[in-house]
file protein-v9.txt (compact mmCIF, C-alpha atoms)
# COMPACT_ATOMS: atom_id res chain seq x y z
CA MET Y 1 -5.07 -35.45 -20.19
CA LYS Y 2 -1.72 -34.29 -21.51
CA LEU Y 3 0.38 -32.06 -19.27
CA SER Y 4 0.64 -29.27 -21.84
CA GLU Y 5 -3.13 -29.27 -22.07
CA ILE Y 6 -3.51 -28.93 -18.28
CA LEU Y 7 -1.12 -25.99 -18.38
CA LYS Y 8 -2.96 -24.32 -21.25
CA ASN Y 9 -6.31 -24.92 -19.55
CA GLY Y 10 -5.19 -23.07 -16.46
CA ILE Y 11 -3.78 -20.10 -18.33
CA ILE Y 12 -6.36 -19.57 -21.07
CA LYS Y 13 -9.41 -21.81 -21.26
CA ASN Y 14 -10.15 -21.86 -17.54
CA ASN Y 15 -8.38 -18.65 -16.60
CA PRO Y 16 -9.31 -18.18 -12.93
CA ILE Y 17 -9.96 -14.46 -13.30
CA PHE Y 18 -11.30 -13.88 -16.79
CA VAL Y 19 -13.31 -17.09 -17.22
CA GLN Y 20 -14.06 -18.58 -13.80
CA LEU Y 21 -14.33 -15.17 -12.14
CA ILE Y 22 -13.09 -16.33 -8.75
CA GLY Y 23 -10.57 -14.88 -6.31
CA MET Y 24 -11.62 -11.34 -7.11
CA CYS Y 25 -10.76 -9.55 -3.85
CA SER Y 26 -7.00 -9.67 -4.18
CA VAL Y 27 -7.18 -9.04 -7.92
CA LEU Y 28 -9.03 -5.77 -7.48
CA ALA Y 29 -7.03 -4.67 -4.47
CA VAL Y 30 -3.38 -5.27 -5.35
CA THR Y 31 -3.41 -4.23 -9.01
CA THR Y 32 -2.70 -0.56 -8.31
CA SER Y 33 0.86 -1.12 -9.55
CA VAL Y 34 2.74 -3.59 -11.72
CA GLN Y 35 5.16 -4.43 -8.93
CA ASN Y 36 2.41 -5.35 -6.46
CA SER Y 37 0.59 -7.37 -9.12
CA LEU Y 38 3.71 -9.37 -9.94
CA ALA Y 39 4.47 -10.03 -6.27
CA MET Y 40 0.91 -11.13 -5.60
CA GLY Y 41 0.86 -13.32 -8.71
CA LEU Y 42 4.03 -15.08 -7.66
CA ALA Y 43 2.82 -15.50 -4.07
CA VAL Y 44 -0.46 -17.06 -5.23
CA THR Y 45 1.36 -19.33 -7.68
CA ALA Y 46 3.74 -20.51 -4.96
CA VAL Y 47 0.88 -21.29 -2.58
CA LEU Y 48 -1.09 -23.03 -5.35
CA VAL Y 49 1.79 -25.28 -6.37
CA GLY Y 50 2.60 -26.09 -2.75
CA SER Y 51 -0.95 -26.85 -1.69
CA ASN Y 52 -1.73 -28.85 -4.84
CA PHE Y 53 1.44 -30.88 -4.25
CA VAL Y 54 0.69 -31.68 -0.61
CA ILE Y 55 -3.02 -32.33 -1.12
CA SER Y 56 -2.32 -34.65 -4.03
CA LEU Y 57 0.15 -36.54 -1.81
CA LEU Y 58 -2.38 -36.79 1.02
CA LYS Y 59 -5.45 -37.55 -1.07
CA ASN Y 60 -5.66 -41.15 0.15
CA VAL Y 61 -5.12 -40.15 3.78
CA ILE Y 62 -7.63 -37.31 4.11
CA PRO Y 63 -11.16 -38.57 4.87
CA ASP Y 64 -13.81 -37.24 2.51
CA ASP Y 65 -15.96 -35.62 5.19
CA ILE Y 66 -13.34 -33.32 6.60
CA ARG Y 67 -11.46 -32.59 3.40
CA ILE Y 68 -12.31 -28.86 3.32
CA PRO Y 69 -10.87 -28.08 6.78
CA ALA Y 70 -7.86 -30.21 5.89
CA PHE Y 71 -7.35 -28.25 2.65
CA VAL Y 72 -7.65 -24.98 4.54
CA VAL Y 73 -4.97 -25.99 7.04
CA VAL Y 74 -2.58 -27.01 4.25
CA ILE Y 75 -3.22 -23.75 2.38
CA ALA Y 76 -2.90 -21.64 5.54
CA THR Y 77 0.46 -23.28 6.28
CA PHE Y 78 1.85 -22.35 2.87
CA VAL Y 79 0.46 -18.82 3.15
CA THR Y 80 2.15 -18.40 6.51
CA VAL Y 81 5.45 -19.62 5.04
CA ILE Y 82 5.21 -17.16 2.14
CA GLU Y 83 4.22 -14.38 4.54
CA MET Y 84 7.24 -14.98 6.76
CA PHE Y 85 9.51 -15.27 3.73
CA MET Y 86 8.32 -11.93 2.32
CA LYS Y 87 8.51 -10.26 5.71
CA ALA Y 88 12.13 -11.31 5.96
CA TYR Y 89 13.37 -10.68 2.41
CA ALA Y 90 10.96 -8.23 0.75
CA GLN Y 91 9.79 -5.86 3.46
CA PRO Y 92 8.49 -3.02 1.16
CA ILE Y 93 6.34 -5.42 -0.90
CA TYR Y 94 5.16 -7.12 2.28
CA GLN Y 95 4.04 -3.72 3.55
CA SER Y 96 2.25 -2.68 0.37
CA LEU Y 97 0.40 -5.99 -0.05
CA GLY Y 98 -0.65 -5.66 3.57
CA ILE Y 99 -3.68 -7.64 4.59
CA PHE Y 100 -4.08 -9.27 1.19
CA LEU Y 101 -1.11 -11.54 1.82
CA PRO Y 102 -2.70 -13.46 4.74
CA LEU Y 103 -5.98 -13.29 2.82
CA ILE Y 104 -4.56 -15.63 0.16
CA VAL Y 105 -5.89 -18.30 2.55
CA VAL Y 106 -9.44 -17.43 1.62
CA ASN Y 107 -8.70 -17.02 -2.07
CA CYS Y 108 -11.29 -19.26 -3.70
CA ILE Y 109 -8.94 -20.20 -6.56
CA ILE Y 110 -6.67 -22.24 -4.34
CA LEU Y 111 -9.46 -24.10 -2.56
CA ALA Y 112 -11.20 -24.67 -5.89
CA ARG Y 113 -8.09 -26.28 -7.46
CA ALA Y 114 -7.54 -28.43 -4.37
CA GLU Y 115 -11.14 -29.64 -4.46
CA ALA Y 116 -11.58 -29.95 -8.22
CA PHE Y 117 -8.14 -31.17 -9.28
CA ALA Y 118 -5.47 -32.07 -6.72
CA PHE Y 119 -7.76 -34.24 -4.60
CA THR Y 120 -8.55 -36.55 -7.50
CA ASN Y 121 -5.39 -36.41 -9.63
CA GLY Y 122 -1.82 -37.64 -9.46
CA LEU Y 123 1.22 -35.78 -8.20
CA VAL Y 124 2.72 -34.48 -11.45
CA PRO Y 125 -0.56 -33.34 -13.07
CA SER Y 126 -1.47 -31.57 -9.81
CA ILE Y 127 1.79 -29.63 -9.77
CA VAL Y 128 1.35 -28.71 -13.43
CA ASP Y 129 -2.22 -27.64 -12.74
CA GLY Y 130 -0.96 -25.45 -9.89
CA ILE Y 131 1.61 -23.83 -12.17
CA GLY Y 132 -0.94 -23.32 -14.96
CA THR Y 133 -3.64 -21.82 -12.76
CA GLY Y 134 -1.07 -19.69 -10.94
CA LEU Y 135 0.28 -18.39 -14.25
CA GLY Y 136 -3.26 -17.67 -15.42
CA TYR Y 137 -3.81 -15.62 -12.28
CA THR Y 138 -0.45 -13.86 -12.65
CA VAL Y 139 -1.10 -12.96 -16.30
CA ALA Y 140 -4.53 -11.57 -15.40
CA VAL Y 141 -3.30 -9.41 -12.51
CA LEU Y 142 -0.33 -8.23 -14.60
CA ILE Y 143 -2.62 -7.05 -17.41
CA LEU Y 144 -4.90 -5.29 -14.95
CA GLY Y 145 -1.97 -3.87 -12.99
CA THR Y 146 -0.24 -2.57 -16.13
CA ILE Y 147 -3.37 -0.82 -17.41
CA ARG Y 148 -4.11 0.72 -14.03
CA GLU Y 149 -0.56 1.86 -13.33
CA VAL Y 150 0.20 3.19 -16.81
CA PHE Y 151 -3.08 5.01 -17.39
CA GLY Y 152 -3.97 5.71 -13.78
CA ALA Y 153 -0.67 6.82 -12.27
CA GLY Y 154 1.19 7.51 -15.51
CA THR Y 155 4.09 5.26 -14.52
CA PHE Y 156 5.37 1.78 -15.36
CA LEU Y 157 7.30 0.09 -12.56
CA GLY Y 158 7.72 3.57 -11.08
CA ILE Y 159 9.12 5.18 -14.26
CA GLN Y 160 7.02 7.99 -15.69
CA VAL Y 161 5.55 7.22 -19.13
CA ILE Y 162 2.39 9.34 -19.43
CA SER Y 163 2.08 12.96 -18.37
CA ASN Y 164 -1.69 13.27 -17.85
CA PRO Y 165 -2.90 10.09 -16.13
CA ILE Y 166 -6.59 9.35 -15.42
CA GLY Y 167 -6.52 9.33 -11.63
CA ILE Y 168 -9.74 7.37 -11.16
CA LEU Y 169 -8.11 4.21 -12.56
CA VAL Y 170 -5.89 3.70 -9.51
CA MET Y 171 -8.82 4.29 -7.20
CA PRO Y 172 -11.11 1.39 -6.23
CA ALA Y 173 -13.70 2.41 -8.82
CA GLY Y 174 -11.15 2.04 -11.61
CA ALA Y 175 -10.41 -1.54 -10.58
CA PHE Y 176 -14.03 -2.60 -11.01
CA ILE Y 177 -14.51 -0.82 -14.32
CA VAL Y 178 -11.25 -1.93 -15.96
CA LEU Y 179 -11.80 -5.55 -14.87
CA GLY Y 180 -15.38 -5.45 -16.17
CA ILE Y 181 -14.21 -4.27 -19.58
CA LEU Y 182 -11.35 -6.81 -19.65
CA VAL Y 183 -13.71 -9.71 -18.88
CA ALA Y 184 -16.00 -8.55 -21.69
CA LEU Y 185 -13.04 -8.30 -24.09
CA PHE Y 186 -11.83 -11.78 -23.12
CA LYS Y 187 -15.33 -13.11 -23.78
CA ILE Y 188 -15.34 -11.57 -27.28
CA ILE Y 189 -11.89 -12.92 -28.12
CA MET Y 190 -12.77 -16.43 -26.93
CA ALA Y 191 -16.03 -16.38 -28.92
CA ARG Y 192 -14.16 -15.30 -32.07
CA GLN Y 193 -11.60 -18.10 -31.63
CA GLU Y 194 -14.29 -20.69 -31.19
CA ALA Y 195 -16.09 -19.47 -34.32
CA ASN Y 196 -12.91 -19.98 -36.37
CA MET V 197 -11.23 6.95 17.89
CA GLU V 198 -14.84 7.42 18.95
CA LEU V 199 -17.20 4.53 18.36
CA GLY V 200 -19.60 6.50 16.17
CA LYS V 201 -16.75 7.51 13.94
CA ILE V 202 -15.64 3.88 13.52
CA LEU V 203 -19.17 2.82 12.68
CA LEU V 204 -19.74 5.58 10.14
CA SER V 205 -16.31 5.10 8.63
CA THR V 206 -16.69 1.34 8.06
CA ILE V 207 -20.24 1.59 6.70
CA LEU V 208 -19.84 4.50 4.30
CA VAL V 209 -16.36 5.97 3.92
CA ASN V 210 -14.23 2.83 4.01
CA ASN V 211 -16.94 0.46 2.84
CA TYR V 212 -15.43 -3.03 2.82
CA ILE V 213 -16.68 -3.75 -0.68
CA PHE V 214 -16.17 -0.48 -2.48
CA ALA V 215 -13.03 0.82 -0.82
CA ARG V 216 -11.26 -2.22 0.61
CA PHE V 217 -12.29 -5.01 -1.79
CA LEU V 218 -13.09 -7.55 0.88
CA GLY V 219 -15.88 -10.03 0.19
CA ILE V 220 -16.11 -9.54 -3.54
CA CYS V 221 -16.95 -13.19 -4.36
CA PRO V 222 -20.23 -13.38 -2.39
CA PHE V 223 -20.91 -9.78 -3.36
CA PHE V 224 -21.21 -10.80 -6.99
CA GLY V 225 -22.36 -14.34 -6.23
CA VAL V 226 -25.57 -13.64 -4.34
CA SER V 227 -26.39 -10.09 -5.39
CA SER V 228 -28.63 -11.07 -8.29
CA LYS V 229 -31.71 -11.35 -6.04
CA MET V 230 -32.83 -9.01 -3.27
CA GLU V 231 -34.03 -11.77 -0.96
CA THR V 232 -30.81 -13.76 -0.98
CA SER V 233 -28.69 -10.65 -0.50
CA ILE V 234 -30.53 -9.73 2.68
CA GLY V 235 -30.14 -13.30 3.97
CA MET V 236 -26.45 -13.37 3.08
CA GLY V 237 -25.98 -9.97 4.72
CA ALA V 238 -27.62 -11.19 7.90
CA ALA V 239 -25.53 -14.37 7.95
CA VAL V 240 -22.32 -12.42 7.38
CA THR V 241 -23.22 -9.87 10.08
CA PHE V 242 -23.72 -12.68 12.56
CA VAL V 243 -20.54 -14.56 11.67
CA VAL V 244 -18.31 -11.47 11.43
CA THR V 245 -19.42 -10.06 14.78
CA ILE V 246 -18.99 -13.31 16.69
CA SER V 247 -15.73 -14.26 14.98
CA SER V 248 -14.26 -10.81 15.70
CA ILE V 249 -15.00 -11.14 19.40
CA ILE V 250 -13.65 -14.68 19.54
CA THR V 251 -10.50 -13.86 17.58
CA TYR V 252 -9.90 -10.90 19.91
CA PHE V 253 -9.49 -13.30 22.82
CA ILE V 254 -7.55 -15.80 20.75
CA GLN V 255 -5.07 -13.10 19.79
CA MET V 256 -4.54 -12.45 23.53
CA LEU V 257 -3.69 -16.13 23.93
CA LEU V 258 -1.38 -16.08 20.90
CA ASP V 259 0.40 -13.03 22.30
CA LYS V 260 0.70 -14.62 25.71
CA PHE V 261 2.52 -17.63 24.31
CA SER V 262 4.23 -15.43 21.67
CA ILE V 263 3.11 -17.57 18.74
CA GLY V 264 1.71 -14.67 16.71
CA TYR V 265 2.86 -16.30 13.46
CA LEU V 266 0.12 -18.91 13.85
CA GLN V 267 -2.51 -16.15 13.55
CA THR V 268 -3.63 -16.94 10.01
CA ILE V 269 -4.00 -20.68 10.58
CA VAL V 270 -5.78 -20.39 13.93
CA PHE V 271 -8.16 -17.66 12.78
CA ILE V 272 -9.27 -19.47 9.66
CA LEU V 273 -9.98 -22.65 11.62
CA VAL V 274 -12.08 -20.77 14.18
CA ILE V 275 -14.02 -19.08 11.39
CA ALA V 276 -14.59 -22.38 9.58
CA ALA V 277 -15.97 -23.96 12.74
CA LEU V 278 -18.20 -20.97 13.39
CA VAL V 279 -19.63 -21.03 9.87
CA GLN V 280 -20.42 -24.71 10.28
CA PHE V 281 -22.30 -23.80 13.45
CA VAL V 282 -24.30 -21.07 11.72
CA GLU V 283 -25.16 -23.48 8.92
CA VAL V 284 -26.52 -26.07 11.33
CA ALA V 285 -28.42 -23.44 13.31
CA MET V 286 -29.96 -21.89 10.21
CA LYS V 287 -31.01 -25.30 8.87
CA LYS V 288 -32.92 -25.81 12.12
CA ILE V 289 -34.39 -22.34 12.55
CA SER V 290 -35.24 -21.26 9.01
CA PRO V 291 -35.22 -23.98 6.34
CA THR V 292 -36.51 -21.53 3.72
CA LEU V 293 -33.58 -19.21 4.21
CA TYR V 294 -31.27 -22.22 4.32
CA ASN V 295 -32.58 -23.42 0.97
CA ALA V 296 -32.08 -20.00 -0.57
CA LEU V 297 -28.55 -19.55 0.76
CA GLY V 298 -27.60 -23.24 0.66
CA VAL V 299 -24.56 -23.10 -1.58
CA TYR V 300 -23.27 -19.79 -0.36
CA LEU V 301 -23.19 -20.47 3.37
CA PRO V 302 -20.10 -22.70 3.30
CA LEU V 303 -18.59 -19.98 1.14
CA ILE V 304 -18.67 -17.58 4.09
CA THR V 305 -15.58 -19.47 5.26
CA THR V 306 -13.77 -18.27 2.18
CA ASN V 307 -15.34 -14.83 2.48
CA CYS V 308 -12.47 -12.42 2.93
CA VAL V 309 -14.61 -10.07 5.02
CA VAL V 310 -14.64 -12.45 7.96
CA LEU V 311 -10.90 -13.08 8.10
CA GLY V 312 -10.15 -9.55 6.90
CA VAL V 313 -12.09 -7.85 9.69
CA ALA V 314 -10.54 -10.17 12.28
CA ILE V 315 -7.00 -9.38 11.12
CA LEU V 316 -7.65 -5.64 10.68
CA ASN V 317 -9.04 -5.42 14.23
CA ILE V 318 -5.75 -6.79 15.55
CA GLN V 319 -3.64 -4.59 13.27
CA GLU V 320 -5.53 -1.44 14.33
CA LYS V 321 -5.09 -2.50 17.97
CA TYR V 322 -8.78 -2.01 18.73
CA THR V 323 -10.18 -2.65 22.20
CA LEU V 324 -12.94 -5.23 22.64
CA ILE V 325 -15.71 -2.64 22.27
CA GLN V 326 -14.09 -1.02 19.25
CA THR V 327 -13.62 -4.49 17.73
CA THR V 328 -17.32 -5.24 18.11
CA VAL V 329 -18.37 -1.88 16.68
CA ASN V 330 -15.96 -2.25 13.77
CA ALA V 331 -17.28 -5.75 13.03
CA ILE V 332 -20.89 -4.60 13.08
CA GLY V 333 -20.06 -1.59 10.90
CA ALA V 334 -18.12 -3.71 8.43
CA SER V 335 -20.91 -6.21 7.99
CA LEU V 336 -23.60 -3.53 7.81
CA GLY V 337 -21.55 -1.84 5.09
CA PHE V 338 -21.25 -5.19 3.33
CA THR V 339 -25.01 -5.75 3.58
CA LEU V 340 -25.71 -2.23 2.34
CA ALA V 341 -23.50 -2.75 -0.70
CA LEU V 342 -25.06 -6.15 -1.36
CA VAL V 343 -28.64 -4.86 -1.16
CA LEU V 344 -27.92 -1.81 -3.32
CA MET V 345 -26.23 -4.04 -5.87
CA ALA V 346 -29.16 -6.45 -5.87
CA GLY V 347 -31.51 -3.55 -6.60
CA ILE V 348 -29.41 -2.54 -9.58
CA ARG V 349 -28.95 -6.08 -10.90
CA GLU V 350 -32.66 -6.81 -10.78
CA LYS V 351 -33.08 -3.86 -13.13
CA LEU V 352 -30.10 -4.87 -15.27
CA VAL V 353 -31.77 -8.16 -16.18
CA ILE V 354 -34.38 -6.33 -18.23
CA ALA V 355 -31.97 -3.69 -19.57
CA ASP V 356 -30.59 -3.82 -23.09
CA VAL V 357 -26.90 -4.50 -22.48
CA PRO V 358 -24.30 -5.20 -25.24
CA GLU V 359 -23.89 -8.93 -25.58
CA ALA V 360 -20.28 -9.15 -24.41
CA LEU V 361 -21.01 -7.09 -21.31
CA GLU V 362 -24.00 -9.18 -20.24
CA GLY V 363 -23.93 -10.69 -16.77
CA PHE V 364 -20.73 -10.38 -14.83
CA PRO V 365 -18.90 -7.61 -16.74
CA ILE V 366 -21.78 -5.14 -16.49
CA ALA V 367 -22.13 -5.97 -12.79
CA LEU V 368 -18.44 -5.09 -12.35
CA VAL V 369 -18.85 -1.80 -14.19
CA SER V 370 -21.94 -0.95 -12.11
CA ALA V 371 -19.97 -1.72 -8.95
CA GLY V 372 -17.31 0.68 -10.21
CA LEU V 373 -19.87 3.44 -10.66
CA MET V 374 -21.25 2.74 -7.19
CA SER V 375 -17.73 2.94 -5.82
CA ILE V 376 -17.41 6.42 -7.36
CA ALA V 377 -20.68 7.36 -5.69
CA PHE V 378 -19.35 6.12 -2.34
CA LEU V 379 -16.28 8.36 -2.81
CA GLY V 380 -18.70 11.20 -2.10
CA PHE V 381 -18.84 10.10 1.52
CA SER V 382 -15.11 10.64 2.01
CA GLY V 383 -15.60 14.20 3.20
CA LEU V 384 -17.85 12.96 5.98
CA ILE V 385 -15.08 12.24 8.46

call {"tool": "encode", "arguments": {"input": "protein-v9.txt", "output": "structure tokens"}}
result
Amino acid sequence: MKLSEILKNGIIKNNPIFVQLIGMCSVLAVTTSVQNSLAMGLAVTAVLVGSNFVISLLKNVIPDDIRIPAFVVVIATFVTVIEMFMKAYAQPIYQSLGIFLPLIVVNCIILARAEAFAFTNGLVPSIVDGIGTGLGYTVAVLILGTIREVFGAGTFLGIQVISNPIGILVMPAGAFIVLGILVALFKIIMARQEAN
Amino acid sequence: MELGKILLSTILVNNYIFARFLGICPFFGVSSKMETSIGMGAAVTFVVTISSIITYFIQMLLDKFSIGYLQTIVFILVIAALVQFVEVAMKKISPTLYNALGVYLPLITTNCVVLGVAILNIQEKYTLIQTTVNAIGASLGFTLALVLMAGIREKLVIADVPEALEGFPIALVSAGLMSIAFLGFSGLI
């Protein structure tokens, strides 16, 4: 498979959120604002690239039977690194992401890529796959975060843009409903493209 | 905080699914059938309660040696081992339930509820009893959400839903409406 194709697969065709529908917890929770969404997207991408890289390097060393615990340890290490990094350099974002930062460990996307791609593929494709999937995740949370912040809180990156926001969108209920509609829209668009 | 308040708060007001978004993957994964949701709820209740108690003591150890930064790694390993144990036990005790839950049991490891409750217990500085009550409340709330959702999704199968919304999207929208309903409990405490 060509590298550009792996990248495109991760972002569009196999978008982790809109198509594979995995890793939902953090998506629904952190998308109350654009800033949080971006931070979370970047954190997940960093962990994905790191874990894909290491697991691809170790694929001949890790025995098949205990590969899942081994993956989890690798992922948890990268999450801890990112957590410490954010705590040191981006305290406000660290605070607002709260528990969802350590919970990247149990984000199914990362484990799924390790299992389905990095464990059986070479170093460079694995890194590209990590970047692609991470970008796919980031794009999805950014779309959701933008809609929820602009229409729910009436602001974009903290700057007021709408005077009468729909408050329910920033509440938990809004996350479910907006994501549901977005997944349906994505389905329609993909079906149209395939028909052409 | 009194124990009753913690219990009520985690089950209804701060429901882990509808207010805190923990455990969404299995919530949508197994909620299409009533039977599997009850089984999953029971398995999660068991794992969450035991892992919370164990992680409470582990945190004491981590604090003692001041290696708190290892929290995430240590907790997830303990949970993974525990889930493995539950899987083996369930295979032995109830093969029917094991067959029904088969694929989803290993997924409890990557269920955010388990790790989430463990970490939140530490962050809230709960005592051992409060930790246990919080864990039980959290998993009961999770089971309640799962069972309610299963009831709705069994009806949704025969409903006339627009094609694009079929399956997952309509489940998400229903969950949103349920979340609004759960907002009604917020005046309770």

call {"tool": "interface_residues", "arguments": {"input": "protein-v9.txt", "of": "chain Y", "to": "chain V", "cutoff": "9 Å", "atoms": "only C-alpha atoms", "output": "NGL selection string"}}
result
:Y and (21-29 or 69 or 72-73 or 75-77 or 79-80 or 84 or 99-100 or 102-108 or 111 or 168 or 171-188)

call {"tool": "closest_residue", "arguments": {"input": "protein-v9.txt", "among": "Y:Lys2, Y:Leu48, Y:Val81, Y:Val34", "to": "Gly152 of chain Y", "atoms": "only C-alpha atoms"}}
result
Y:Val34

call {"tool": "residues_around", "arguments": {"input": "protein-v9.txt", "residues": "Ser56 of chain Y", "least_positions_apart": "5", "cutoff": "7 Å", "atoms": "only C-alpha atoms", "output": "mmCIF file with C-alpha atoms, keeping the file's coordinate frame"}}
result
data_model
loop_
_atom_site.group_PDB
_atom_site.id
_atom_site.type_symbol
_atom_site.label_atom_id
_atom_site.label_comp_id
_atom_site.auth_asym_id
_atom_site.auth_seq_id
_atom_site.Cartn_x
_atom_site.Cartn_y
_atom_site.Cartn_z
ATOM 1 C CA ALA Y 118 -5.470 -32.070 -6.720
ATOM 2 C CA PHE Y 119 -7.760 -34.240 -4.600
ATOM 3 C CA ASN Y 121 -5.390 -36.410 -9.630
ATOM 4 C CA GLY Y 122 -1.820 -37.640 -9.460
ATOM 5 C CA LEU Y 123 1.220 -35.780 -8.200
ATOM 6 C CA SER Y 126 -1.470 -31.570 -9.810
#

call {"tool": "atom_distance", "arguments": {"input": "protein-v9.txt", "atom1": "atom CA of Asp259 of chain V", "atom2": "atom CA of Ser247 of chain V"}}
result
17.8 Å

call {"tool": "atom_distance", "arguments": {"input": "protein-v9.txt", "atom1": "atom CA of Phe151 of chain Y", "atom2": "atom CA of Ile207 of chain V"}}
result
29.8 Å

call {"tool": "atom_distance", "arguments": {"input": "protein-v9.txt", "atom1": "atom CA of Phe78 of chain Y", "atom2": "atom CA of Ala46 of chain Y"}}
result
8.3 Å

call {"tool": "closest_residue", "arguments": {"input": "protein-v9.txt", "among": "V:Ser233, V:Thr245, V:Gln280, V:Ser228", "to": "Ala334 of chain V", "atoms": "all atoms listed in the file"}}
result
V:Thr245

call {"tool": "residues_around", "arguments": {"input": "protein-v9.txt", "residues": "Asn317 of chain V", "least_positions_apart": "5", "cutoff": "8 Å", "atoms": "all atoms listed in the file", "output": "list in words"}}
result
Ser248, Tyr252, Tyr322, Thr327 and Asn330 of chain V

call {"tool": "residues_around", "arguments": {"input": "protein-v9.txt", "residues": "Ala239 of chain V", "least_positions_apart": "3", "cutoff": "12 Å", "atoms": "all atoms listed in the file", "output": "MDAnalysis selection string"}}
result
chainID V and resid 222 232:236 242:246 278:283 285:286 290 293:294 297:298 300:305 307 310 332 335:336 338:339

call {"tool": "axis_aligned_box", "arguments": {"input": "protein-v9.txt", "around": "segment 184-190 of chain Y", "padding_each_side": "8 Å", "output": "AutoDock Vina command-line options"}}
result
--center_x -13.9 --center_y -12.4 --center_z -24.9 --size_x 20.2 --size_y 24.1 --size_z 22.4

call {"tool": "residues_around", "arguments": {"input": "protein-v9.txt", "residues": "Val74 of chain Y", "least_positions_apart": "6", "cutoff": "10 Å", "atoms": "all atoms listed in the file", "output": "ChimeraX atom specification"}}
result
/Y:47,50-52,54-55,68,105 /V:269

call {"tool": "residues_around", "arguments": {"input": "protein-v9.txt", "residues": "Val128 of chain Y", "least_positions_apart": "3", "cutoff": "8 Å", "atoms": "all atoms listed in the file", "output": "PyMOL selection string"}}
result
chain Y and resi 3+6-7+49+124-125+131-132
